>>> print(open('final20.csv').read())   # CSV, C-alpha atoms
chain,number,residue,atom,x,y,z
A,1,MET,CA,77.7,64.5,102.3
A,2,PHE,CA,80.6,62.0,102.4
A,3,GLY,CA,82.8,64.2,104.5
A,4,LYS,CA,80.2,64.9,107.1
A,5,ASN,CA,79.5,61.2,107.5
A,6,CYS,CA,83.2,60.6,108.1
A,7,VAL,CA,83.3,63.2,110.8
A,8,ASN,CA,80.3,61.7,112.6
A,9,PHE,CA,81.9,58.2,112.2
A,10,LEU,CA,85.2,59.5,113.8
A,11,ARG,CA,83.3,61.2,116.6
A,12,ARG,CA,81.5,57.9,117.4
A,13,LEU,CA,84.9,56.1,117.4
A,14,ASN,CA,86.3,58.6,119.8
A,15,ASN,CA,83.6,57.7,122.4
A,16,ILE,CA,84.5,54.0,122.3
A,17,SER,CA,86.3,52.9,125.4
A,18,PHE,CA,86.8,49.2,124.5
A,19,PRO,CA,89.5,47.8,122.1
A,20,LEU,CA,88.8,48.6,118.5
A,21,ASP,CA,88.4,45.8,116.0
A,22,LEU,CA,91.1,44.9,113.5
A,23,SER,CA,89.8,47.3,110.9
A,24,THR,CA,91.2,50.2,113.0
A,25,ARG,CA,94.1,48.4,114.7
A,26,TYR,CA,96.8,50.9,113.8
A,27,LEU,CA,95.0,54.3,113.9
A,28,SER,CA,94.7,56.4,117.0
A,29,VAL,CA,91.2,57.7,117.0
A,30,ALA,CA,92.2,60.3,119.6
A,31,ILE,CA,94.5,61.8,117.0
A,32,GLN,CA,97.4,62.5,119.4
A,33,GLY,CA,100.5,61.2,117.6
A,34,ASN,CA,103.9,62.9,118.1
A,35,ALA,CA,102.6,65.7,120.3
A,36,ASP,CA,105.9,66.6,122.0
A,37,ILE,CA,107.7,66.8,118.6
A,38,ARG,CA,105.1,69.0,117.1
A,39,LYS,CA,105.0,71.2,120.2
A,40,GLU,CA,108.8,71.7,120.1
A,41,ARG,CA,108.7,72.6,116.4
A,42,ASN,CA,106.0,75.1,116.9
A,43,VAL,CA,107.9,76.8,119.8
A,44,LEU,CA,110.9,77.3,117.5
A,45,PHE,CA,108.7,78.4,114.6
A,46,ASN,CA,106.9,81.0,116.7
A,47,LYS,CA,110.2,82.3,118.2
A,48,GLU,CA,111.7,82.8,114.7
A,49,LYS,CA,108.6,84.4,113.4
A,50,LYS,CA,108.6,86.8,116.3
A,51,ARG,CA,112.3,87.6,115.8
A,52,GLN,CA,111.8,88.3,112.1
A,53,LYS,CA,108.9,90.6,112.8
A,54,GLU,CA,110.9,92.5,115.5
A,55,ASP,CA,113.8,92.9,113.0
A,56,ILE,CA,111.6,94.9,110.6
A,57,GLY,CA,112.1,98.1,112.7
A,58,ARG,CA,110.7,101.3,111.4
A,59,ILE,CA,107.6,100.7,109.3
A,60,GLU,CA,107.9,101.8,105.7
A,61,LYS,CA,105.1,102.3,103.2
A,62,ILE,CA,104.9,100.6,99.8
A,63,GLU,CA,102.6,101.2,96.9
A,64,VAL,CA,100.6,98.2,95.7
A,65,GLN,CA,98.9,98.6,92.4
A,66,TYR,CA,96.0,96.0,92.3
A,67,THR,CA,94.4,95.1,89.0
A,68,GLY,CA,91.2,93.0,88.8
A,69,VAL,CA,87.7,92.9,90.1
A,70,PRO,CA,85.8,94.8,91.4
A,71,GLU,CA,88.1,97.6,90.1
A,72,ASP,CA,91.8,98.6,89.8
A,73,VAL,CA,93.0,100.4,92.9
A,74,THR,CA,96.3,101.6,94.4
A,75,LEU,CA,96.9,100.7,98.0
A,76,MET,CA,99.4,102.1,100.5
A,77,MET,CA,100.6,99.1,102.6
A,78,ASN,CA,103.3,98.3,105.1
A,79,LYS,CA,106.6,96.9,103.8
A,80,GLY,CA,107.4,93.4,105.2
A,81,ILE,CA,104.1,93.3,107.1
A,82,SER,CA,101.2,93.6,104.8
A,83,THR,CA,100.2,90.6,102.7
A,84,PRO,CA,98.0,90.0,99.6
A,85,PHE,CA,95.3,88.8,102.0
A,86,ASN,CA,95.5,92.2,103.8
A,87,CYS,CA,95.1,93.9,100.4
A,88,ALA,CA,92.0,91.8,99.8
A,89,GLN,CA,90.6,92.9,103.2
A,90,HIS,CA,90.8,96.5,102.0
A,91,MET,CA,88.8,95.9,98.9
A,92,SER,CA,86.1,93.2,98.9
A,93,GLU,CA,84.7,90.3,101.0
A,94,MET,CA,84.4,88.4,97.7
A,95,LEU,CA,88.2,88.6,97.2
A,96,ILE,CA,88.8,87.5,100.8
A,97,GLN,CA,86.7,84.4,100.3
A,98,ARG,CA,87.9,83.3,96.8
A,99,SER,CA,91.5,84.3,96.5
A,100,ALA,CA,93.8,81.3,96.7
A,101,LEU,CA,97.1,82.8,95.4
A,102,ALA,CA,98.7,86.1,94.4
A,103,LEU,CA,100.7,87.1,91.3
A,104,VAL,CA,103.3,89.9,92.0
A,105,ASP,CA,104.7,92.1,89.2
A,106,ASP,CA,103.1,89.9,86.5
A,107,SER,CA,105.8,87.2,87.1
A,108,THR,CA,106.1,85.9,90.6
A,109,LEU,CA,103.6,83.6,92.4
A,110,TRP,CA,103.1,84.7,96.0
A,111,ASP,CA,101.4,83.2,99.0
A,112,MET,CA,98.4,85.0,100.3
A,113,HIS,CA,99.9,85.4,103.8
A,114,ARG,CA,103.4,86.2,102.7
A,115,PRO,CA,104.4,89.8,103.5
A,116,LEU,CA,105.0,92.0,100.4
A,117,GLU,CA,108.6,93.3,100.2
A,118,ALA,CA,108.5,96.4,97.9
A,119,ASP,CA,106.3,98.5,95.6
A,120,CYS,CA,104.6,96.1,93.2
A,121,LYS,CA,101.7,95.2,91.0
A,122,LEU,CA,99.3,92.7,92.4
A,123,GLN,CA,96.7,90.3,91.0
A,124,LEU,CA,94.7,87.8,93.1
A,125,LEU,CA,94.1,84.4,91.5
A,126,HIS,CA,91.3,81.9,92.1
A,127,PHE,CA,90.0,78.6,90.9
A,128,LYS,CA,87.6,79.9,88.3
A,129,ASP,CA,90.2,82.0,86.5
A,130,ALA,CA,90.3,81.5,82.7
A,131,ASP,CA,93.6,79.6,83.2
A,132,PRO,CA,93.8,78.2,86.8
A,133,TYR,CA,97.0,76.2,86.1
A,134,HIS,CA,99.1,77.7,88.8
A,135,VAL,CA,96.3,77.8,91.3
A,136,ASN,CA,95.5,74.1,90.7
A,137,LYS,CA,99.2,73.2,91.3
A,138,ALA,CA,99.2,75.2,94.6
A,139,PHE,CA,96.0,73.5,95.6
A,140,TRP,CA,97.4,70.0,94.9
A,141,ARG,CA,100.6,70.9,96.8
A,142,SER,CA,98.6,72.1,99.7
A,143,CYS,CA,96.6,68.9,99.7
A,144,CYS,CA,99.9,67.0,99.8
A,145,MET,CA,100.8,68.9,103.0
A,146,LEU,CA,97.4,68.2,104.6
A,147,LEU,CA,97.9,64.5,103.7
A,148,GLY,CA,101.3,64.6,105.5
A,149,ALA,CA,99.7,66.4,108.5
A,150,MET,CA,97.0,63.7,108.7
A,151,VAL,CA,99.5,60.8,108.5
A,152,GLU,CA,101.7,62.3,111.2
A,153,ASN,CA,98.8,62.6,113.5
A,154,MET,CA,96.7,59.5,112.9
A,155,PHE,CA,98.8,56.5,114.0
A,156,LYS,CA,99.2,55.2,117.5
A,157,ASP,CA,102.3,56.3,119.4
A,158,ASP,CA,103.9,52.9,119.3
A,159,ILE,CA,104.1,53.0,115.5
A,160,GLU,CA,107.0,54.9,114.1
A,161,VAL,CA,105.9,57.5,111.4
A,162,LYS,CA,108.4,59.6,109.5
A,163,LEU,CA,107.3,61.8,106.7
A,164,HIS,CA,109.6,61.6,103.6
A,165,SER,CA,108.4,63.9,100.9
A,166,PHE,CA,105.9,64.4,98.1
A,167,PRO,CA,106.7,64.5,94.3
A,168,PRO,CA,106.0,67.7,92.3
A,169,PRO,CA,102.2,68.2,92.0
A,170,HIS,CA,100.9,66.9,88.7
A,171,VAL,CA,97.1,67.3,88.6
A,172,LYS,CA,96.7,65.1,85.5
A,173,SER,CA,98.1,62.1,87.6
A,174,GLY,CA,94.7,61.9,89.3
A,175,SER,CA,95.9,62.0,92.9
A,176,PHE,CA,98.0,64.0,95.3
A,177,VAL,CA,100.7,62.0,97.2
A,178,TYR,CA,102.8,61.8,100.3
A,179,ASP,CA,105.5,59.2,100.7
A,180,VAL,CA,106.0,58.1,104.4
A,181,HIS,CA,108.0,55.6,106.4
A,182,VAL,CA,105.5,53.7,108.6
A,183,GLY,CA,106.8,51.1,111.1
A,184,LEU,CA,104.6,48.3,109.6
A,185,ASP,CA,105.9,45.6,107.4
A,186,ASP,CA,102.9,44.7,105.4
A,187,TRP,CA,100.0,47.1,106.0
A,188,LEU,CA,96.9,47.3,103.8
A,189,PRO,CA,94.5,49.9,105.2
A,190,SER,CA,90.9,48.8,105.5
A,191,GLN,CA,88.0,50.9,104.1
A,192,ASP,CA,87.2,52.0,107.6
A,193,GLU,CA,90.8,53.3,108.1
A,194,LEU,CA,90.7,55.2,104.8
A,195,ARG,CA,87.4,56.8,105.8
A,196,ILE,CA,88.9,57.9,109.1
A,197,MET,CA,91.8,59.4,107.3
A,198,SER,CA,89.5,61.2,104.9
A,199,SER,CA,87.5,62.6,107.8
A,200,HIS,CA,90.6,64.0,109.4
A,201,ILE,CA,91.5,66.0,106.4
A,202,VAL,CA,87.9,67.2,106.0
A,203,ASN,CA,88.0,68.3,109.7
A,204,LEU,CA,91.2,70.2,109.1
A,205,SER,CA,89.7,72.0,106.1
A,206,GLN,CA,86.7,73.1,108.1
A,207,LYS,CA,88.9,74.8,110.6
A,208,GLU,CA,89.9,77.5,108.1
A,209,LEU,CA,93.6,77.2,109.0
A,210,LYS,CA,96.1,79.5,107.3
A,211,PHE,CA,99.2,78.2,105.4
A,212,GLU,CA,101.9,80.2,107.0
A,213,ARG,CA,105.2,80.6,105.2
A,214,LEU,CA,108.5,81.2,107.0
A,215,GLU,CA,112.1,81.3,105.6
A,216,VAL,CA,114.6,80.1,108.1
A,217,ASN,CA,118.4,79.4,108.2
A,218,ILE,CA,119.7,75.8,107.8
A,219,ASP,CA,120.7,75.4,111.4
A,220,LEU,CA,117.2,76.2,112.7
A,221,ALA,CA,115.6,73.9,110.1
A,222,LEU,CA,117.9,71.0,111.1
A,223,GLU,CA,117.1,71.6,114.8
A,224,MET,CA,113.3,71.6,114.1
A,225,PHE,CA,113.6,68.3,112.1
A,226,LYS,CA,116.3,66.5,114.1
A,227,ASP,CA,113.9,63.6,114.8
A,228,ASN,CA,113.5,62.9,111.0
A,229,LYS,CA,116.5,61.5,109.2
A,230,TYR,CA,114.8,62.1,105.8
A,231,LYS,CA,114.2,65.8,106.3
A,232,THR,CA,117.7,66.4,107.8
A,233,GLU,CA,119.2,64.8,104.6
A,234,GLN,CA,117.0,67.0,102.4
A,235,ILE,CA,117.5,70.3,104.1
A,236,PRO,CA,121.1,71.1,102.8
A,237,HIS,CA,120.0,70.2,99.3
A,238,MET,CA,116.9,72.3,99.6
A,239,ALA,CA,119.0,75.2,100.8
A,240,SER,CA,121.3,74.9,97.8
A,241,GLN,CA,118.3,75.6,95.5
A,242,MET,CA,117.7,79.0,97.3
A,243,SER,CA,119.2,82.2,96.1
A,244,GLN,CA,121.7,82.6,99.0
A,245,GLY,CA,122.1,78.8,99.7
A,246,LYS,CA,121.7,79.4,103.4
A,247,SER,CA,118.0,79.1,104.1
A,248,VAL,CA,115.0,76.9,103.5
A,249,VAL,CA,111.2,77.5,103.4
A,250,LEU,CA,108.8,76.1,106.0
A,251,TYR,CA,105.1,76.1,105.9
A,252,ARG,CA,102.8,75.7,108.9
A,253,VAL,CA,99.1,74.7,108.9
A,254,GLY,CA,97.6,74.3,112.3
A,255,ASP,CA,100.4,72.8,114.4
A,256,HIS,CA,101.9,70.9,111.5
A,257,ILE,CA,105.1,72.2,110.0
A,258,ASP,CA,106.8,70.9,106.8
A,259,LEU,CA,109.4,71.8,104.2
A,260,SER,CA,108.3,72.9,100.7
A,261,ARG,CA,109.2,75.7,98.3
A,262,GLY,CA,105.5,76.4,97.8
A,263,PRO,CA,103.5,78.3,97.1
A,264,MET,CA,100.5,77.1,99.0
A,265,ILE,CA,96.9,78.2,98.8
A,266,GLY,CA,95.8,80.8,101.4
A,267,ASN,CA,93.8,78.6,103.8
A,268,THR,CA,92.3,75.2,104.3
A,269,ASN,CA,88.8,76.5,103.8
A,270,LEU,CA,89.5,76.5,100.1
A,271,VAL,CA,89.5,72.7,100.2
A,272,GLY,CA,86.1,71.2,99.5
A,273,ARG,CA,85.3,67.5,99.0
A,274,CYS,CA,88.3,65.3,99.8
A,275,THR,CA,89.0,61.6,100.0
A,276,VAL,CA,92.1,59.5,101.0
A,277,THR,CA,91.8,56.9,98.3
A,278,ALA,CA,94.7,54.4,98.7
A,279,VAL,CA,97.9,53.6,100.4
A,280,HIS,CA,100.5,51.7,98.3
A,281,LYS,CA,103.6,50.0,99.6
A,282,ILE,CA,106.6,51.1,97.5
A,283,GLU,CA,110.2,49.9,97.4
A,284,THR,CA,112.7,52.8,97.1
A,285,ASP,CA,116.4,53.5,97.4
A,286,GLN,CA,115.6,54.5,100.9
A,287,GLY,CA,113.8,51.4,101.8
A,288,LEU,CA,110.1,50.5,102.2
A,289,LEU,CA,107.8,53.4,102.2
A,290,TYR,CA,104.0,53.8,101.9
A,291,ARG,CA,102.6,56.1,99.3
A,292,PHE,CA,99.5,57.8,100.6
A,293,GLN,CA,97.1,59.1,97.9
A,294,GLY,CA,94.1,61.3,97.8
A,295,VAL,CA,91.8,63.4,95.6
A,296,ALA,CA,90.0,66.6,96.4
A,297,LEU,CA,88.0,69.4,94.8
A,298,PRO,CA,88.3,73.1,95.6
A,299,LYS,CA,85.5,74.6,97.6
A,300,GLY,CA,82.7,75.7,95.2
A,301,ILE,CA,83.6,73.2,92.5
A,302,MET,CA,80.7,70.8,92.4
A,303,LEU,CA,80.5,67.3,91.0
A,304,ASN,CA,77.7,64.7,91.3
A,305,HIS,CA,78.3,61.5,93.1
A,306,PHE,CA,78.9,59.4,90.0
A,307,ALA,CA,81.4,61.8,88.5
A,308,TYR,CA,83.3,62.2,91.8
A,309,GLY,CA,83.3,58.4,92.1
A,310,ILE,CA,85.2,58.2,88.8
A,311,LEU,CA,87.8,60.6,90.2
A,312,GLU,CA,88.1,58.4,93.3
A,313,ASP,CA,88.6,55.2,91.3
A,314,ARG,CA,91.3,56.9,89.3
A,315,ALA,CA,93.0,58.1,92.4
A,316,ARG,CA,93.2,54.6,93.8
A,317,LYS,CA,95.7,53.5,91.1
A,318,LEU,CA,99.4,53.8,92.1
A,319,ASN,CA,100.5,57.4,91.3
A,320,PRO,CA,103.4,57.3,88.8
A,321,GLY,CA,105.1,60.3,90.4
A,322,ARG,CA,108.8,60.1,91.1
A,323,LEU,CA,109.9,57.7,93.8
A,324,PRO,CA,112.1,59.0,96.6
A,325,SER,CA,115.8,58.5,95.8
A,326,ALA,CA,118.8,58.5,98.1
A,327,SER,CA,121.0,59.9,95.4
A,328,SER,CA,118.8,62.7,94.1
A,329,ASN,CA,116.3,63.3,96.9
A,330,THR,CA,113.7,64.2,94.3
A,331,SER,CA,110.8,65.9,95.9
A,332,ASP,CA,108.5,68.8,95.4
A,333,MET,CA,110.6,70.8,97.8
A,334,PHE,CA,113.6,70.7,95.5
A,335,HIS,CA,112.0,71.5,92.2
A,336,PRO,CA,111.2,75.0,91.0
A,337,THR,CA,107.4,75.5,91.4
A,338,SER,CA,106.9,78.0,88.6
A,339,GLU,CA,107.3,80.9,90.9
A,340,ALA,CA,108.6,82.7,87.8
A,341,VAL,CA,105.6,82.6,85.5
A,342,ALA,CA,106.0,82.8,81.8
A,343,LEU,CA,103.2,84.9,80.4
>>> encode(input="final20.csv", output="structure tokens")
Amino acid sequence: MFGKNCVNFLRRLNNISFPLDLSTRYLSVAIQGNADIRKERNVLFNKEKKRQKEDIGRIEKIEVQYTGVPEDVTLMMNKGISTPFNCAQHMSEMLIQRSALALVDDSTLWDMHRPLEADCKLQLLHFKDADPYHVNKAFWRSCCMLLGAMVENMFKDDIEVKLHSFPPPHVKSGSFVYDVHVGLDDWLPSQDELRIMSSHIVNLSQKELKFERLEVNIDLALEMFKDNKYKTEQIPHMASQMSQGKSVVLYRVGDHIDLSRGPMIGNTNLVGRCTVTAVHKIETDQGLLYRFQGVALPKGIMLNHFAYGILEDRARKLNPGRLPSASSNTSDMFHPTSEAVAL
């Protein structure tokens, strides 16, 4: 399979001790990147996650009324602790493996690893639902985050890399996207470099990493992203879109942390075949950025080589999604993501 070949290719490169040829002149095959920055963010993330857990205090029980296969059931769970994923664990291995997203009280999309907050009705959504619209959007959004994680990790340390944002997921566009500042004036990645980037995302997906959601106050978010001028500009605007106007939502996958309103899929193991197809240079109000693009299939959704090749060709074309703007800061993180579902 393409992904396996890429992983083997990357492993071979990691064993090379002499200088790489020009086809991989910018990528760090050791995949080290901004390790100190990531470490500091994770320390703050873990500290805040622990604080919020300790603030729960006395454990209260809530009633969760699950509807769906294999049967409707009422579960007694722990308020602020138990998640839809924990509910699935009580019912069926099949639900654990396939559930990508939850629907609470018939109206609110909910991350699989986000604690439930009150008595509620619960449905578990998957990619083969009769109408997988919201699951597909969450999948595309999660792939955007993985693309950002890859970009932040793949370049050599002497090349400045600052993630900007990704436009709202639009599956019909043919590709998921992340716009990034890269300290290169005129870079056109080689096919070898694109294969290395693809292999890194495949490697992440095979690790079965959770997408962890954490809501934090503005000050903590600014501290975590103090090295990134784009994120620090976006955080106050993102907070203004929240109900209280004082917090933002973070997601973590592995050791990569980013801003997004979500929701995301439950875990990277739900990502199947994946390709980084193109990197386009784009001129924006905030200067020169590079638009990284990719295409992927959920795990269990199979296409033959010819059909998948058509998807790859389409995903190489410049994605028409909104360009970053200094005035509006348009990004997925600032647009409602259909958390309120019209049924």
>>> closest_residue(input="final20.csv", among="A:Gln97, A:Gly68, A:Ile59, A:Val43", to="Ser82 (chain A)", atoms="all atoms listed in the file")
A:Ile59
>>> atom_distance(input="final20.csv", atom1="CA of Ile265 (chain A)", atom2="CA of Gly300 (chain A)")
14.9 Å
>>> atom_distance(input="final20.csv", atom1="CA of Ala278 (chain A)", atom2="CA of Lys299 (chain A)")
22.2 Å
>>> atom_distance(input="final20.csv", atom1="CA of Trp110 (chain A)", atom2="CA of Pro263 (chain A)")
6.5 Å
>>> closest_residue(input="final20.csv", among="A:Leu188, A:Leu250, A:Ile257, A:Cys144", to="Pro167 (chain A)", atoms="all atoms listed in the file")
A:Cys144
>>> residues_near_point(input="final20.csv", point="(101.1, 71.3, 114.2)", cutoff="12 Å", atoms="all atoms listed in the file", output="ChimeraX atom specification")
/A:31-46,145-146,148-150,152-153,204,209-212,251-258
>>> closest_residue(input="final20.csv", among="A:Lys207, A:His200, A:Arg141, A:Lys229", to="Ser175 (chain A)", atoms="all atoms listed in the file")
A:Arg141
>>> residues_around(input="final20.csv", residues="Ser240 (chain A)", least_positions_apart="3", cutoff="12 Å", atoms="only C-alpha atoms", output="list in words")
Asn217, Ile218, Gln234, Ile235, Pro236, His237, Ser243, Gln244, Gly245, Lys246, Ser247, Val248, Val249, Met333, Phe334 and His335 of chain A
